[in-house]
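Undergrad: For reference, this is work.cif, and it has mmCIF, C-alpha atoms.
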```cif
data_query
loop_
_atom_site.group_PDB
_atom_site.id
_atom_site.type_symbol
_atom_site.label_atom_id
_atom_site.label_comp_id
_atom_site.auth_asym_id
_atom_site.auth_seq_id
_atom_site.Cartn_x
_atom_site.Cartn_y
_atom_site.Cartn_z
ATOM 1 C CA THR A 1 -45.465 -28.658 -7.562
ATOM 2 C CA SER A 2 -45.873 -25.522 -5.430
ATOM 3 C CA ASP A 3 -43.844 -24.346 -2.421
ATOM 4 C CA CYS A 4 -44.522 -26.537 0.582
ATOM 5 C CA ILE A 5 -43.390 -27.634 4.023
ATOM 6 C CA LEU A 6 -42.798 -31.319 4.741
ATOM 7 C CA TYR A 7 -43.516 -32.129 8.373
ATOM 8 C CA ASN A 8 -42.587 -35.772 7.767
ATOM 9 C CA GLN A 9 -40.018 -37.266 5.430
ATOM 10 C CA VAL A 10 -41.148 -38.940 2.206
ATOM 11 C CA VAL A 11 -40.217 -42.633 2.413
ATOM 12 C CA LEU A 12 -39.669 -44.131 -1.045
ATOM 13 C CA ASN A 13 -40.183 -47.745 -2.086
ATOM 14 C CA ALA A 14 -41.201 -46.924 -5.682
ATOM 15 C CA ASP A 15 -40.174 -44.414 -8.358
ATOM 16 C CA LEU A 16 -40.843 -40.729 -7.716
ATOM 17 C CA ASN A 17 -40.469 -37.688 -9.975
ATOM 18 C CA VAL A 18 -40.753 -34.201 -8.424
ATOM 19 C CA THR A 19 -40.499 -31.187 -10.744
ATOM 20 C CA GLY A 20 -40.737 -27.585 -9.615
ATOM 21 C CA LYS A 21 -41.303 -24.383 -11.537
ATOM 22 C CA LYS A 22 -38.730 -23.970 -14.282
ATOM 23 C CA HIS A 23 -36.169 -21.206 -13.609
ATOM 24 C CA ILE A 24 -37.913 -20.335 -10.312
ATOM 25 C CA TYR A 25 -36.934 -23.255 -8.029
ATOM 26 C CA THR A 26 -39.967 -24.382 -6.068
ATOM 27 C CA THR A 27 -39.075 -24.563 -2.359
ATOM 28 C CA ILE A 28 -39.558 -27.724 -0.326
ATOM 29 C CA ARG A 29 -38.800 -26.906 3.283
ATOM 30 C CA GLY A 30 -38.273 -29.353 6.112
ATOM 31 C CA GLY A 31 -40.611 -29.033 9.049
ATOM 32 C CA GLY A 32 -37.803 -28.363 11.531
ATOM 33 C CA SER A 33 -36.951 -31.875 12.690
ATOM 34 C CA ASN A 34 -37.030 -34.077 9.585
ATOM 35 C CA ARG A 35 -35.268 -34.622 6.270
ATOM 36 C CA HIS A 36 -37.054 -34.522 2.905
ATOM 37 C CA PHE A 37 -36.542 -38.024 1.438
ATOM 38 C CA LEU A 38 -35.564 -41.462 2.758
ATOM 39 C CA ILE A 39 -34.824 -44.533 0.607
ATOM 40 C CA GLU A 40 -34.686 -47.634 2.785
ATOM 41 C CA SER A 41 -36.351 -50.381 0.729
ATOM 42 C CA GLY A 42 -36.695 -51.575 -2.852
ATOM 43 C CA SER A 43 -34.554 -50.053 -5.614
ATOM 44 C CA PRO A 44 -36.482 -46.951 -6.693
ATOM 45 C CA THR A 45 -35.533 -44.089 -8.993
ATOM 46 C CA LEU A 46 -35.846 -40.573 -7.582
ATOM 47 C CA THR A 47 -35.802 -37.644 -10.024
ATOM 48 C CA LEU A 48 -35.684 -34.051 -8.781
ATOM 49 C CA ARG A 49 -35.831 -30.972 -11.034
ATOM 50 C CA TRP A 50 -36.069 -27.229 -10.356
ATOM 51 C CA LEU A 51 -36.316 -27.547 -6.570
ATOM 52 C CA ASN A 52 -34.879 -25.659 -3.613
ATOM 53 C CA LEU A 53 -34.533 -28.223 -0.821
ATOM 54 C CA THR A 54 -33.905 -26.409 2.442
ATOM 55 C CA GLY A 55 -34.346 -26.769 6.186
ATOM 56 C CA GLY A 56 -33.910 -30.548 6.205
ATOM 57 C CA VAL A 57 -32.634 -31.950 9.511
ATOM 58 C CA SER A 58 -31.458 -35.303 10.832
ATOM 59 C CA THR A 59 -30.538 -35.169 14.496
ATOM 60 C CA GLY A 60 -29.148 -37.276 17.306
ATOM 61 C CA PHE A 61 -25.999 -39.366 17.374
ATOM 62 C CA GLU A 62 -26.272 -42.962 16.239
ATOM 63 C CA PRO A 63 -22.908 -43.841 14.620
ATOM 64 C CA HIS A 64 -24.064 -45.968 11.700
ATOM 65 C CA TYR A 65 -24.290 -45.266 7.955
ATOM 66 C CA ASN A 66 -27.982 -46.214 7.897
ATOM 67 C CA SER A 67 -28.870 -44.270 10.999
ATOM 68 C CA GLY A 68 -31.674 -41.772 11.385
ATOM 69 C CA ASN A 69 -29.213 -38.901 11.638
ATOM 70 C CA ALA A 70 -27.553 -39.374 8.212
ATOM 71 C CA GLY A 71 -28.464 -37.058 5.340
ATOM 72 C CA GLY A 72 -30.143 -33.771 6.233
ATOM 73 C CA SER A 73 -32.176 -33.684 3.010
ATOM 74 C CA ILE A 74 -31.843 -37.160 1.441
ATOM 75 C CA SER A 75 -30.759 -40.414 3.071
ATOM 76 C CA VAL A 76 -29.992 -43.327 0.731
ATOM 77 C CA GLN A 77 -29.882 -46.679 2.509
ATOM 78 C CA ARG A 78 -30.569 -49.055 -0.399
ATOM 79 C CA ASN A 79 -29.473 -49.439 -4.012
ATOM 80 C CA CYS A 80 -31.244 -46.887 -6.175
ATOM 81 C CA ASP A 81 -30.808 -44.275 -8.905
ATOM 82 C CA ILE A 82 -31.139 -40.565 -8.147
ATOM 83 C CA PHE A 83 -31.122 -37.852 -10.815
ATOM 84 C CA ILE A 84 -30.884 -34.238 -9.617
ATOM 85 C CA VAL A 85 -31.099 -31.459 -12.220
ATOM 86 C CA HIS A 86 -31.348 -27.694 -11.645
ATOM 87 C CA CYS A 87 -31.779 -27.980 -7.888
ATOM 88 C CA ALA A 88 -30.449 -26.190 -4.815
ATOM 89 C CA PHE A 89 -29.686 -27.725 -1.415
ATOM 90 C CA HIS A 90 -29.525 -24.875 1.074
ATOM 91 C CA LYS A 91 -28.975 -24.922 4.830
ATOM 92 C CA ASN A 92 -29.684 -28.572 5.548
ATOM 93 C CA LYS A 93 -27.915 -30.275 8.439
ATOM 94 C CA ALA A 94 -27.167 -33.737 9.797
ATOM 95 C CA ASP A 95 -25.559 -34.731 13.067
ATOM 96 C CA TYR A 96 -23.764 -37.821 11.764
ATOM 97 C CA ILE A 97 -22.877 -37.821 8.028
ATOM 98 C CA GLY A 98 -23.951 -35.926 4.892
ATOM 99 C CA GLY A 99 -25.271 -32.460 5.672
ATOM 100 C CA ALA A 100 -27.531 -32.543 2.603
ATOM 101 C CA ILE A 101 -27.192 -36.081 1.175
ATOM 102 C CA SER A 102 -25.955 -39.356 2.625
ATOM 103 C CA ILE A 103 -25.355 -42.311 0.275
ATOM 104 C CA ALA A 104 -24.724 -45.324 2.491
ATOM 105 C CA THR A 105 -24.543 -48.155 -0.049
ATOM 106 C CA SER A 106 -22.073 -48.904 -2.839
ATOM 107 C CA GLY A 107 -24.914 -49.927 -5.172
ATOM 108 C CA ALA A 108 -26.488 -46.458 -5.292
ATOM 109 C CA PHE A 109 -25.952 -44.120 -8.262
ATOM 110 C CA VAL A 110 -26.459 -40.373 -7.826
ATOM 111 C CA SER A 111 -26.167 -37.933 -10.735
ATOM 112 C CA MET A 112 -26.215 -34.145 -10.307
ATOM 113 C CA ASN A 113 -26.323 -31.520 -13.035
ATOM 114 C CA TYR A 114 -26.648 -27.734 -12.720
ATOM 115 C CA THR A 115 -27.151 -28.013 -8.978
ATOM 116 C CA MET A 116 -25.994 -25.939 -5.985
ATOM 117 C CA PHE A 117 -25.083 -26.983 -2.452
ATOM 118 C CA ILE A 118 -24.877 -23.897 -0.241
ATOM 119 C CA GLY A 119 -24.492 -23.567 3.518
ATOM 120 C CA ASN A 120 -25.136 -27.185 4.497
ATOM 121 C CA TRP A 121 -23.642 -28.470 7.764
ATOM 122 C CA ASN A 122 -22.549 -31.768 9.236
ATOM 123 C CA LYS A 123 -20.984 -32.695 12.550
ATOM 124 C CA ASN A 124 -18.711 -35.398 11.142
ATOM 125 C CA TYR A 125 -18.139 -36.255 7.457
ATOM 126 C CA GLY A 126 -19.407 -34.495 4.344
ATOM 127 C CA GLY A 127 -20.743 -30.995 4.909
ATOM 128 C CA ALA A 128 -22.815 -31.308 1.724
ATOM 129 C CA VAL A 129 -22.564 -34.962 0.616
ATOM 130 C CA PHE A 130 -21.272 -38.224 2.079
ATOM 131 C CA SER A 131 -21.049 -41.167 -0.313
ATOM 132 C CA ARG A 132 -20.115 -44.838 -0.419
ATOM 133 C CA GLY A 133 -21.662 -45.223 -3.888
ATOM 134 C CA LEU A 134 -21.314 -43.800 -7.405
ATOM 135 C CA LEU A 135 -21.461 -40.018 -7.344
ATOM 136 C CA HIS A 136 -21.337 -38.016 -10.578
ATOM 137 C CA ALA A 137 -21.637 -34.204 -10.607
ATOM 138 C CA GLU A 138 -21.396 -31.845 -13.568
ATOM 139 C CA ASN A 139 -21.804 -28.057 -13.726
ATOM 140 C CA THR A 140 -22.490 -28.056 -10.013
ATOM 141 C CA ASN A 141 -21.365 -25.693 -7.225
ATOM 142 C CA PHE A 142 -20.480 -26.450 -3.620
ATOM 143 C CA GLU A 143 -20.135 -23.256 -1.598
ATOM 144 C CA GLY A 144 -19.937 -22.480 2.105
ATOM 145 C CA ASN A 145 -20.606 -26.005 3.345
ATOM 146 C CA ILE A 146 -19.143 -27.076 6.684
ATOM 147 C CA ALA A 147 -18.125 -30.392 8.243
ATOM 148 C CA GLU A 148 -16.567 -30.451 11.673
ATOM 149 C CA LYS A 149 -14.204 -33.369 10.930
ATOM 150 C CA ARG A 150 -13.738 -34.464 7.298
ATOM 151 C CA GLY A 151 -14.846 -33.241 3.885
ATOM 152 C CA GLY A 152 -16.202 -29.695 4.042
ATOM 153 C CA ALA A 153 -18.099 -30.265 0.795
ATOM 154 C CA LEU A 154 -17.692 -33.963 -0.070
ATOM 155 C CA ALA A 155 -16.608 -37.045 1.876
ATOM 156 C CA LEU A 156 -16.277 -40.475 0.240
ATOM 157 C CA ASP A 157 -15.585 -43.805 1.918
ATOM 158 C CA GLY A 158 -14.477 -46.551 -0.462
ATOM 159 C CA PRO A 159 -15.249 -48.602 -2.303
ATOM 160 C CA ALA A 160 -16.827 -45.652 -4.091
ATOM 161 C CA THR A 161 -16.626 -43.636 -7.308
ATOM 162 C CA LEU A 162 -16.427 -39.861 -7.653
ATOM 163 C CA ARG A 163 -16.605 -38.080 -10.996
ATOM 164 C CA LEU A 164 -16.659 -34.274 -11.072
ATOM 165 C CA THR A 165 -16.782 -32.309 -14.328
ATOM 166 C CA GLN A 166 -16.803 -28.510 -14.403
ATOM 167 C CA VAL A 167 -17.622 -28.348 -10.715
ATOM 168 C CA GLN A 168 -16.735 -25.433 -8.422
ATOM 169 C CA LEU A 169 -15.861 -25.918 -4.751
ATOM 170 C CA LYS A 170 -15.594 -22.567 -2.970
ATOM 171 C CA GLY A 171 -15.333 -21.560 0.660
ATOM 172 C CA ASN A 172 -16.091 -24.968 2.141
ATOM 173 C CA LYS A 173 -14.368 -25.848 5.398
ATOM 174 C CA VAL A 174 -13.512 -28.353 8.099
ATOM 175 C CA THR A 175 -13.571 -26.690 11.495
ATOM 176 C CA SER A 176 -11.986 -29.195 13.924
ATOM 177 C CA ASP A 177 -8.359 -30.023 14.541
ATOM 178 C CA ASN A 178 -7.229 -33.666 14.729
ATOM 179 C CA GLY A 179 -9.256 -35.938 16.963
ATOM 180 C CA ILE A 180 -8.438 -38.370 19.742
ATOM 181 C CA ASN A 181 -5.847 -41.075 19.099
ATOM 182 C CA ASN A 182 -4.369 -38.880 16.362
ATOM 183 C CA GLN A 183 -7.354 -39.249 14.049
ATOM 184 C CA VAL A 184 -6.646 -37.186 10.939
ATOM 185 C CA TYR A 185 -9.234 -34.514 10.194
ATOM 186 C CA GLY A 186 -9.261 -32.294 7.115
ATOM 187 C CA GLY A 187 -10.185 -32.011 3.460
ATOM 188 C CA GLY A 188 -11.798 -28.588 3.320
ATOM 189 C CA GLY A 189 -13.060 -29.340 -0.186
ATOM 190 C CA ILE A 190 -12.994 -33.139 -0.486
ATOM 191 C CA PHE A 191 -12.090 -36.041 1.802
ATOM 192 C CA LEU A 192 -11.427 -39.522 0.375
ATOM 193 C CA ALA A 193 -10.811 -42.712 2.363
ATOM 194 C CA GLY A 194 -10.134 -46.215 1.070
ATOM 195 C CA LYS A 195 -10.506 -47.258 -2.547
ATOM 196 C CA VAL A 196 -12.211 -44.344 -4.292
ATOM 197 C CA ASN A 197 -12.073 -44.112 -8.083
ATOM 198 C CA MET A 198 -11.753 -40.363 -8.510
ATOM 199 C CA HIS A 199 -11.979 -38.347 -11.746
ATOM 200 C CA ILE A 200 -11.834 -34.563 -11.353
ATOM 201 C CA ILE A 201 -12.032 -32.789 -14.712
ATOM 202 C CA GLU A 202 -12.011 -29.028 -15.348
ATOM 203 C CA CYS A 203 -12.940 -28.197 -11.767
ATOM 204 C CA THR A 204 -12.221 -25.113 -9.667
ATOM 205 C CA PHE A 205 -11.134 -25.175 -6.020
ATOM 206 C CA PHE A 206 -11.056 -21.816 -4.259
ATOM 207 C CA ASN A 207 -10.618 -20.813 -0.628
ATOM 208 C CA ASN A 208 -11.553 -24.141 0.927
ATOM 209 C CA THR A 209 -9.968 -24.534 4.360
ATOM 210 C CA ALA A 210 -9.153 -27.131 6.996
ATOM 211 C CA GLN A 211 -7.696 -26.698 10.463
ATOM 212 C CA SER A 212 -5.181 -29.516 9.989
ATOM 213 C CA TYR A 213 -4.648 -31.258 6.638
ATOM 214 C CA GLY A 214 -5.725 -30.750 3.043
ATOM 215 C CA HIS A 215 -7.357 -27.388 2.507
ATOM 216 C CA GLU A 216 -8.633 -28.565 -0.877
ATOM 217 C CA ILE A 217 -8.352 -32.403 -0.894
ATOM 218 C CA LEU A 218 -7.305 -34.933 1.736
ATOM 219 C CA THR A 219 -6.919 -38.620 0.888
ATOM 220 C CA ILE A 220 -6.261 -41.545 3.227
ATOM 221 C CA ASN A 221 -5.298 -44.949 1.774
ATOM 222 C CA ASN A 222 -6.584 -43.901 -1.647
ATOM 223 C CA GLN A 223 -4.718 -44.908 -4.824
ATOM 224 C CA ASN A 224 -7.156 -44.372 -7.686
ATOM 225 C CA GLY A 225 -7.232 -40.723 -8.697
ATOM 226 C CA VAL A 226 -7.227 -38.731 -11.938
ATOM 227 C CA LEU A 227 -6.941 -34.941 -11.961
ATOM 228 C CA GLN A 228 -7.397 -33.352 -15.371
ATOM 229 C CA ASN A 229 -7.409 -29.615 -16.070
ATOM 230 C CA GLU A 230 -8.042 -29.888 -19.800
ATOM 231 C CA PRO A 231 -11.268 -30.958 -21.508
ATOM 232 C CA GLU A 232 -11.401 -34.666 -22.187
ATOM 233 C CA GLY A 233 -9.929 -35.488 -25.573
ATOM 234 C CA THR A 234 -7.745 -32.339 -25.760
ATOM 235 C CA PRO A 235 -4.442 -33.193 -27.496
ATOM 236 C CA SER A 236 -1.380 -32.812 -25.281
#
```
Output the file's structure as structure tokens, nothing else.
TA:
Amino acid sequence: TSDCILYNQVVLNADLNVTGKKHIYTTIRGGGSNRHFLIESGSPTLTLRWLNLTGGVSTGFEPHYNSGNAGGSISVQRNCDIFIVHCAFHKNKADYIGGAISIATSGAFVSMNYTMFIGNWNKNYGGAVFSRGLLHAENTNFEGNIAEKRGGALALDGPATLRLTQVQLKGNKVTSDNGINNQVYGGGGIFLAGKVNMHIIECTFFNNTAQSYGHEILTINNQNGVLQNEPEGTPS
């Protein structure tokens, strides 16, 4: 595919494979008031390779996981599989959750490899990604993403699964102090709530910040975490 502007989101109900120019990153730009992809029916597979997804927007305030203002670039509202390889998500924004990607269902599986999330913004949870599903990322960077309340880079709401391998989280931030009724805000790098099965292996956290709690990671009512600084299988 060649560089293009999407003036309307692509609504998926069947499999879709989009591949850009290898090593160049074909740009798909939002038209100024819309995201790039929406999955709201069926159980499709979306595969993205060698793309720069930028300028995606979901606006307004409708406080629901499946709302129109979730996921600045991709909104996942049904069970599906998404494979993202050698892509960049740059300067997307969402008013509710998931500045770049929102995964609203526990039956969705999203895999990322050799991908970058840079400068995405969200007003609430997950400056880059919000997930209630299965999220696996490897050799992926999250840098300079912002959420106002929770999870500068990543926010997960259980039941969910998070597996990060050789991932870098750098300079992500949460900008607001605690909310009304003593709501806890924070998690400059990652925010986890509820039952999240977390595996963080050989990852780097650097200069992530929060106004209140958890510059790097903040968990609330979460009891299923593994942090591992050595390669899997390394003898102790």
Undergrad: For each of A:Gly31, A:Pro159, A:Gly152, A:Gly189, take the minimum atom-to-atom distance to A:Ala108, counting only C-alpha atoms, then give the residue where this is smallest.
TA: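 Smallest distance to A:Ala108 is found for A:Pro159.
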Undergrad: Name the residues that the PyMOL selection byres ((chain A and resi 20) around 12) pulls out of this structure, and write them as a list in words.
TA: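 Applying the PyMOL selection byres ((chain A and resi 20) around 12) to the structure shown produces Thr1, Ser2, Asp3, Cys4, Asn17, Val18, Thr19, Lys21, Lys22, His23, Ile24, Tyr25, Thr26, Thr27, Ile28, Thr47, Leu48, Arg49, Trp50, Leu51, Asn52, Leu53, Ile84, Val85, His86, Cys87 and Ala88 of chain A.
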Undergrad: Exactly which residues make up the result of the PyMOL selection byres ((chain A and resi 145) around 8) on this file, given as a PyMOL selection string?
TA: chain A and resi 117-121+127-128+142-144+146-147+152-153+171-173
Undergrad: Tell me which residues the PyMOL selection byres ((chain A and resi 37-44) around 7) grabs here, as a list of chain:residue names.
TA: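 Residues picked by the PyMOL selection byres ((chain A and resi 37-44) around 7): A:Gln9, A:Val10, A:Val11, A:Leu12, A:Asn13, A:Ala14, A:Asp15, A:Arg35, A:His36, A:Thr45, A:Leu46, A:Ser73, A:Ile74, A:Ser75, A:Val76, A:Gln77, A:Arg78, A:Asn79, A:Cys80, A:Asp81.
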Undergrad: Using all atoms listed in the file, which of the listed residues (A:Met116, A:Ile103, A:Ile5, A:Ile97) sits closest to A:Gly55?
TA: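 Of the candidates, the smallest distance to A:Gly55 is held by A:Ile5.
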Undergrad: Fewer than 4 positions away in the same chain doesn't count, so skip those; otherwise give me all residues within 12 Å of A:Gly126, counting only C-alpha atoms, as JSON, numbers by chain.
TA: {"A": [70, 71, 72, 92, 93, 94, 95, 96, 97, 98, 99, 100, 101, 102, 103, 117, 120, 121, 122, 130, 131, 132, 142, 145, 146, 147, 148, 149, 150, 151, 152, 153, 154, 155, 156, 157, 172, 173, 174, 185, 186, 187, 188, 189, 190, 191, 192]}
Undergrad: Point out the residue among A:Lys91, A:Ala160, A:Phe205, A:Glu138 with the least atom-to-atom distance to A:Phe109, counting only C-alpha atoms.
TA: A:Ala160
Undergrad: Just checking: using only C-alpha atoms, which residue out of A:Thr115, A:Asn178, A:Thr165, A:Asn141 ends up closest to A:Ile200?
TA: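 Of the candidates, the smallest distance to A:Ile200 is held by A:Thr165.
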Undergrad: Could you please determine the separation between atom CA of A:Ile217 and atom CA of A:Gln183 in Å, to one decimal place?
TA: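 For atom CA of A:Ile217 relative to atom CA of A:Gln183, the distance reads 16.5 Å.
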Undergrad: Name all residues at most 9 Å from A:Thr161 (count all atoms listed in the file; drop same-chain ones fewer than 5 positions away) and give them as a ChimeraX atom specification.
TA: /A:106,131-136,156,195-199
Undergrad: Report as lines of an AutoDock Vina configuration file the centre and the edge lengths, in Å to one decimal, of the axis-aligned box holding every listed atom of stretch 202-215 of chain A, padded by 8 Å on each side.
TA:
```
center_x = -8.8
center_y = -26.0
center_z = -2.4
size_x = 24.3
size_y = 26.4
size_z = 41.8
```
